[in-house]
Amino acid sequence: MNRKNVLISIVALTMVFSLAACGGGNNKEDNNKKTNNTAGSTNTPTNEAPPAEEEVLTPEEGTKEITVWSSGTEKALVEEAGKAFKEKYGIDVKFQDVGPDKSVERMITDGPAGVGADVFFGVHDRLGSAVKAGIVLPNDFHEEETKANTNPIAVDAFTMDGLLYAYPISVETIGVYYNKDLVPNGEAPKTWDEVIAFAKTYNDTKAQKYAYMWEMGNLYWTWNFFTGYDAYIFGDNGNDVSDIGLNTPGAVEAAKFYQSLKEILPLATADVVADIKTSLFTSGKLAMNVSGPWQANEFKKEVKNVGLMEFPTLPNGKAMKPFSGVKGFLVSANSKAPNASKLFAQLITSEEFQLKNFELFGNLPANVKTAQNEKITSDEFSATFLKIFENSVPMPKASEMVALWNTHEALFGTLWNEQADAQKTLDDWVVKVKDGIATMNK
C-alpha cells in the first residue's frame with residue numbers, strides 16, 4: 001500500500017469557551033510526518049478539515065553510511081549521486097563493484113549474512129529470483145511518484161504480484177544497425193521480403209559478405225521472430241509458468257520462417273557470435289547487424305555511414321517485437337537503514353541523474369521526462385532505440401526462466417543447423433522446459 005497520501009481524519013470539533021488563556025500541549029507525531037500546528041484565535045466553530053498532510057521519509061537516526069553495489073564502469077554515477085546524498089542527509093555512500101548480472105545471486109547469500117549491499121543495481125529478469133529469496137523490499141513510499149514518472153513498460157518489468165520492487169533507471173533493447181553505403185539506395189529495408197531480395201544479390205560467402213546477421217542460436221536475439229507470430233513463453237504476461245506458449249501454432253509458423261533464413265545466412269549457429277558480427281560490420285562486409293545501444297558509439301566511429309533501423313516487417317505483416325531489459329536500483333530487505341536506502345535509490349533514479357546516466361554512458365532513461373530531453377531526442381540512435389523499446393517485450397522475470405536459458409542453444413541449433421521438424425522440435429522443447437521447472441521446484 002502507498003502511504004504517501006495519508007489523511008488525518010477529524011472525528012469531532014467542539015466549541016471551547018475560555019475566560020482565561022490556557023496552554024496546551026501538541027501531540028507528538030511520527031518522526032516521518034511533517035506537521036503544522038496552529039493555534040486558533042477565535043471561538044467560532046468550523047466544520048472544515050485541515051489540509052492533507054504529507055508523509056516525509058527520513059533516514060534512520062544515527063545512520064552514517066550505506067553500501068551501494070553497481071557496475072564498475074558506472075561508478076561515476078554512484079559517486080555523483082553519493083555526493084548529493086551526503087550534502088542532503090549527511091550520510092556517506094560506499095561504492096562496491098558488483099554488476100547487475102551478479103548482484104541478485106550475491107545478495108541471496110550476502111544479504112542474510114549481513115555483508116551485502118543496502119542498495120544494489122539489478123536487471124528486471126532476475127526479479128523473480130530476488131522476490132522468491134526474500135532479499136528485496138518493495139518500492140512502497142515512492143511508488144506513486146515512480147509510476148507517474150516512469151515508462152509503463154519499465155514499471156511492469158519490475159512489478160510482481162501487484163508490487164513494484166525497484167527504482168528503474170534505464171532501458172535497453174536491440175535494433176538493426178545498417179551501412180548506408182551497402183544497402184540499396186542507402187535506405188533501410190522495411191520488410192523481410194526486401195532483406196531477402198537484397199541478400200540474394202549481395203551475399204558472397206567466399207568473401208564473407210552477408211546482408212543480415214544476428215546471433216541466430218540465442219534466445220535473446222531470436223525470440224523477436226516468435227513474438228511477431230504471437231508466440232509467448234509464459235502466459236499472463238510472463239507470470240504464469242504453468243502456461244507455456246513455446247509450441248503454439250504461431251510459434252511453429254515463426255520457427256519455419258526462421259529456418260528458411262538459413263538460405264541467406266548459410267552459417268552454423270556456433271559460427272555467429274558478437275565479435276564476428278562486429279568485425280564483419282566494421283570492415284564493410286556485413287550490411288545489417290543486429291545489436292544494442294551499447295555498441296552505438298563504437299559503430300559511429302568505425303562505420304562511416306551508419307544508421308539504425310527498426311526490425312523488418314515479417315511475412316505475416318506484423319512487427320517483430322524484440323526482448324528488452326530494464327535496469328534499476330533495489331533496496332535490500334536485510335538493510336539496517338531501509339529508509340536511507342530508499343531515499344538514495346529515489347535520488348539516483350531521479351530525472352536529473354537519469355540524464356547524467358545518459359550523458360556519462362549513453363544509457364537510455366526509464367524516466368519519461370528525461371526521454372523527452374533534447375539531448376536524447378536529437379540523437380538518432382537513442383531516439384530510435386526508445387521507439388523500438390515501445391514495441392518490445394521485457395524478458396520474463398519468473399525464476400523459472402532458468403529452464404529456458406539451459407536449453408535454448410540446443411533448441412535453436414536443432415532448428416537451424418539440422419533444419420529439424422519445427423512442430424516436433426518445439427514440442428520436445430516444452431517437455432524439457434517443464435522437466436527443468438519441476439526439478440527447480442522440488
# chains A, B, ... in the order shown; residues from 1 in each chain; ligands from 1
>>> select_by_dssp(residues="stretch 298-342 of chain A", states="strand (DSSP E or B)", output="ChimeraX atom specification")
/A:306-309,313,323-332
>>> closest_atom_pairs(of="stretch 227-326 of chain A", to="stretch 373-388 of chain A", cutoff="10 Å", atoms="only C-alpha atoms", output="CSV")
residue,atom,partner,partner_atom,distance
A:Gly292,CA,A:Phe385,CA,8.3
A:Pro293,CA,A:Phe385,CA,7.2
A:Ala296,CA,A:Phe381,CA,7.1
A:Asn297,CA,A:Phe381,CA,9.5
A:Lys300,CA,A:Phe381,CA,9.7
A:Val306,CA,A:Phe381,CA,10.0
A:Gly307,CA,A:Phe381,CA,7.7
A:Leu308,CA,A:Phe381,CA,6.2
A:Met309,CA,A:Thr384,CA,7.2
A:Glu310,CA,A:Ile388,CA,6.4
A:Phe311,CA,A:Ile388,CA,8.5
A:Met320,CA,A:Ile388,CA,9.8
A:Lys321,CA,A:Ile388,CA,8.2
A:Pro322,CA,A:Ile388,CA,8.1
A:Ser324,CA,A:Ile388,CA,9.3
>>> write_last_selection(atoms="C-alpha atoms", output="PDB file, in the first residue's frame")
ATOM      1  CA  GLY A 292      22.132  -2.993 -28.894  1.00  0.00           C
ATOM      2  CA  PRO A 293      22.761   0.600 -27.786  1.00  0.00           C
ATOM      3  CA  ALA A 296      26.304   2.785 -30.773  1.00  0.00           C
ATOM      4  CA  ASN A 297      29.416   4.864 -30.101  1.00  0.00           C
ATOM      5  CA  LYS A 300      29.571   5.696 -35.112  1.00  0.00           C
ATOM      6  CA  VAL A 306      25.954   4.034 -40.268  1.00  0.00           C
ATOM      7  CA  GLY A 307      22.245   4.116 -39.493  1.00  0.00           C
ATOM      8  CA  LEU A 308      19.856   2.357 -37.135  1.00  0.00           C
ATOM      9  CA  MET A 309      16.545   0.915 -38.210  1.00  0.00           C
ATOM     10  CA  GLU A 310      13.609  -0.903 -36.671  1.00  0.00           C
ATOM     11  CA  PHE A 311      13.215  -4.581 -37.473  1.00  0.00           C
ATOM     12  CA  MET A 320       8.976  -8.181 -34.764  1.00  0.00           C
ATOM     13  CA  LYS A 321       8.980  -7.496 -31.019  1.00  0.00           C
ATOM     14  CA  PRO A 322      12.465  -7.843 -29.554  1.00  0.00           C
ATOM     15  CA  SER A 324      14.056  -5.648 -23.761  1.00  0.00           C
TER      16      SER A 324
END
>>> atom_distance(atom1="atom CA of A:Asn441", atom2="atom CA of A:Pro100")
24.6 Å
>>> closest_residue(among="A:Thr407, A:Asn339, A:Thr205, A:Ser283", to="A:Pro266", atoms="only C-alpha atoms")
A:Thr205
>>> atom_distance(atom1="atom CA of A:Pro59", atom2="atom CA of A:Leu347")
13.2 Å
>>> atom_distance(atom1="atom CA of A:Thr191", atom2="atom CA of A:Lys424")
28.7 Å
>>> residues_around(residues="A:Arg106", least_positions_apart="4", cutoff="12 Å", atoms="only C-alpha atoms", output="ChimeraX atom specification")
/A:69,97-102,110-117,120-122,126,129-130,133,135,332
>>> residues_around(residues="A:Leu364", least_positions_apart="3", cutoff="7 Å", atoms="only C-alpha atoms", output="number ranges by chain")
A: 170-172, 358, 382
>>> closest_residue(among="A:Val431, A:Leu330, A:Ile233, A:Leu182", to="A:Leu219", atoms="only C-alpha atoms")
A:Ile233
>>> residues_around(residues="A:Phe257", least_positions_apart="5", cutoff="12 Å", atoms="only C-alpha atoms", output="ChimeraX atom specification")
/A:192-193,196,222,225-226,228-229,250-252,262-263,314-316,415-416,419,422
>>> closest_residue(among="A:Lys397, A:Lys285, A:Lys147, A:His408", to="A:Trp221", atoms="only C-alpha atoms")
A:His408
>>> closest_residue(among="A:Asn247, A:Gln372, A:Thr201, A:Gln259", to="A:Asn149", atoms="only C-alpha atoms")
A:Gln372
>>> select_by_dssp(residues="stretch 176-310 of chain A", states="alpha helix (DSSP H)", output="PyMOL selection string")
chain A and resi 192-202+219-227+235-238+249-260+274-282+296-302
>>> closest_residue(among="A:Leu164, A:Ala420, A:Ala270, A:Ala403", to="A:Ile437", atoms="only C-alpha atoms")
A:Ala403
>>> residues_around(residues="stretch 340-346 of chain A", least_positions_apart="3", cutoff="9 Å", atoms="only C-alpha atoms", output="number ranges by chain")
A: 57-60, 63, 66-68, 81-82, 85, 89, 91, 93, 118-120, 139, 141-142, 146, 166-167, 328-332, 335, 337, 349-350
>>> closest_residue(among="A:Glu400, A:Asp181, A:Asp240, A:Glu390", to="A:Ala438", atoms="only C-alpha atoms")
A:Glu400
>>> decode(residues="stretch 126-165 of chain A", atoms="C-alpha atoms", output="JSON list (two decimals), in the first residue's frame")
[["chain", "number", "residue", "atom", "x", "y", "z"],
["A", 126, "ARG", "CA", 16.29, -11.53, -12.10],
["A", 127, "LEU", "CA", 13.43, -10.06, -10.05],
["A", 128, "GLY", "CA", 11.63, -13.39, -9.66],
["A", 129, "SER", "CA", 14.66, -14.96, -8.00],
["A", 130, "ALA", "CA", 15.13, -11.92, -5.74],
["A", 131, "VAL", "CA", 11.49, -11.90, -4.61],
["A", 132, "LYS", "CA", 11.44, -15.68, -4.14],
["A", 133, "ALA", "CA", 14.52, -15.42, -1.91],
["A", 134, "GLY", "CA", 13.00, -12.54, 0.07],
["A", 135, "ILE", "CA", 16.01, -10.25, -0.37],
["A", 136, "VAL", "CA", 14.31, -7.15, -1.78],
["A", 137, "LEU", "CA", 11.89, -4.58, -0.38],
["A", 138, "PRO", "CA", 9.02, -3.16, -2.42],
["A", 139, "ASN", "CA", 9.26, 0.40, -3.69],
["A", 140, "ASP", "CA", 6.39, 1.44, -1.44],
["A", 141, "PHE", "CA", 6.98, 5.00, -0.25],
["A", 142, "HIS", "CA", 7.93, 6.33, -3.70],
["A", 143, "GLU", "CA", 5.64, 4.00, -5.65],
["A", 144, "GLU", "CA", 3.18, 6.62, -6.86],
["A", 145, "GLU", "CA", 5.91, 9.02, -7.93],
["A", 146, "THR", "CA", 7.89, 6.28, -9.66],
["A", 147, "LYS", "CA", 4.89, 5.07, -11.63],
["A", 148, "ALA", "CA", 3.97, 8.61, -12.70],
["A", 149, "ASN", "CA", 7.47, 9.37, -13.98],
["A", 150, "THR", "CA", 8.48, 6.03, -15.49],
["A", 151, "ASN", "CA", 7.75, 4.33, -18.81],
["A", 152, "PRO", "CA", 4.88, 1.86, -18.13],
["A", 153, "ILE", "CA", 6.84, -0.99, -19.76],
["A", 154, "ALA", "CA", 9.67, -0.40, -17.26],
["A", 155, "VAL", "CA", 7.22, -0.26, -14.35],
["A", 156, "ASP", "CA", 5.61, -3.52, -15.41],
["A", 157, "ALA", "CA", 9.01, -5.16, -15.80],
["A", 158, "PHE", "CA", 9.81, -4.58, -12.13],
["A", 159, "THR", "CA", 6.33, -5.46, -10.82],
["A", 160, "MET", "CA", 5.39, -8.85, -9.38],
["A", 161, "ASP", "CA", 2.08, -9.83, -7.84],
["A", 162, "GLY", "CA", 0.98, -6.22, -8.00],
["A", 163, "LEU", "CA", 4.01, -4.88, -6.12],
["A", 164, "LEU", "CA", 6.61, -2.56, -7.63],
["A", 165, "TYR", "CA", 10.03, -3.59, -6.33]]
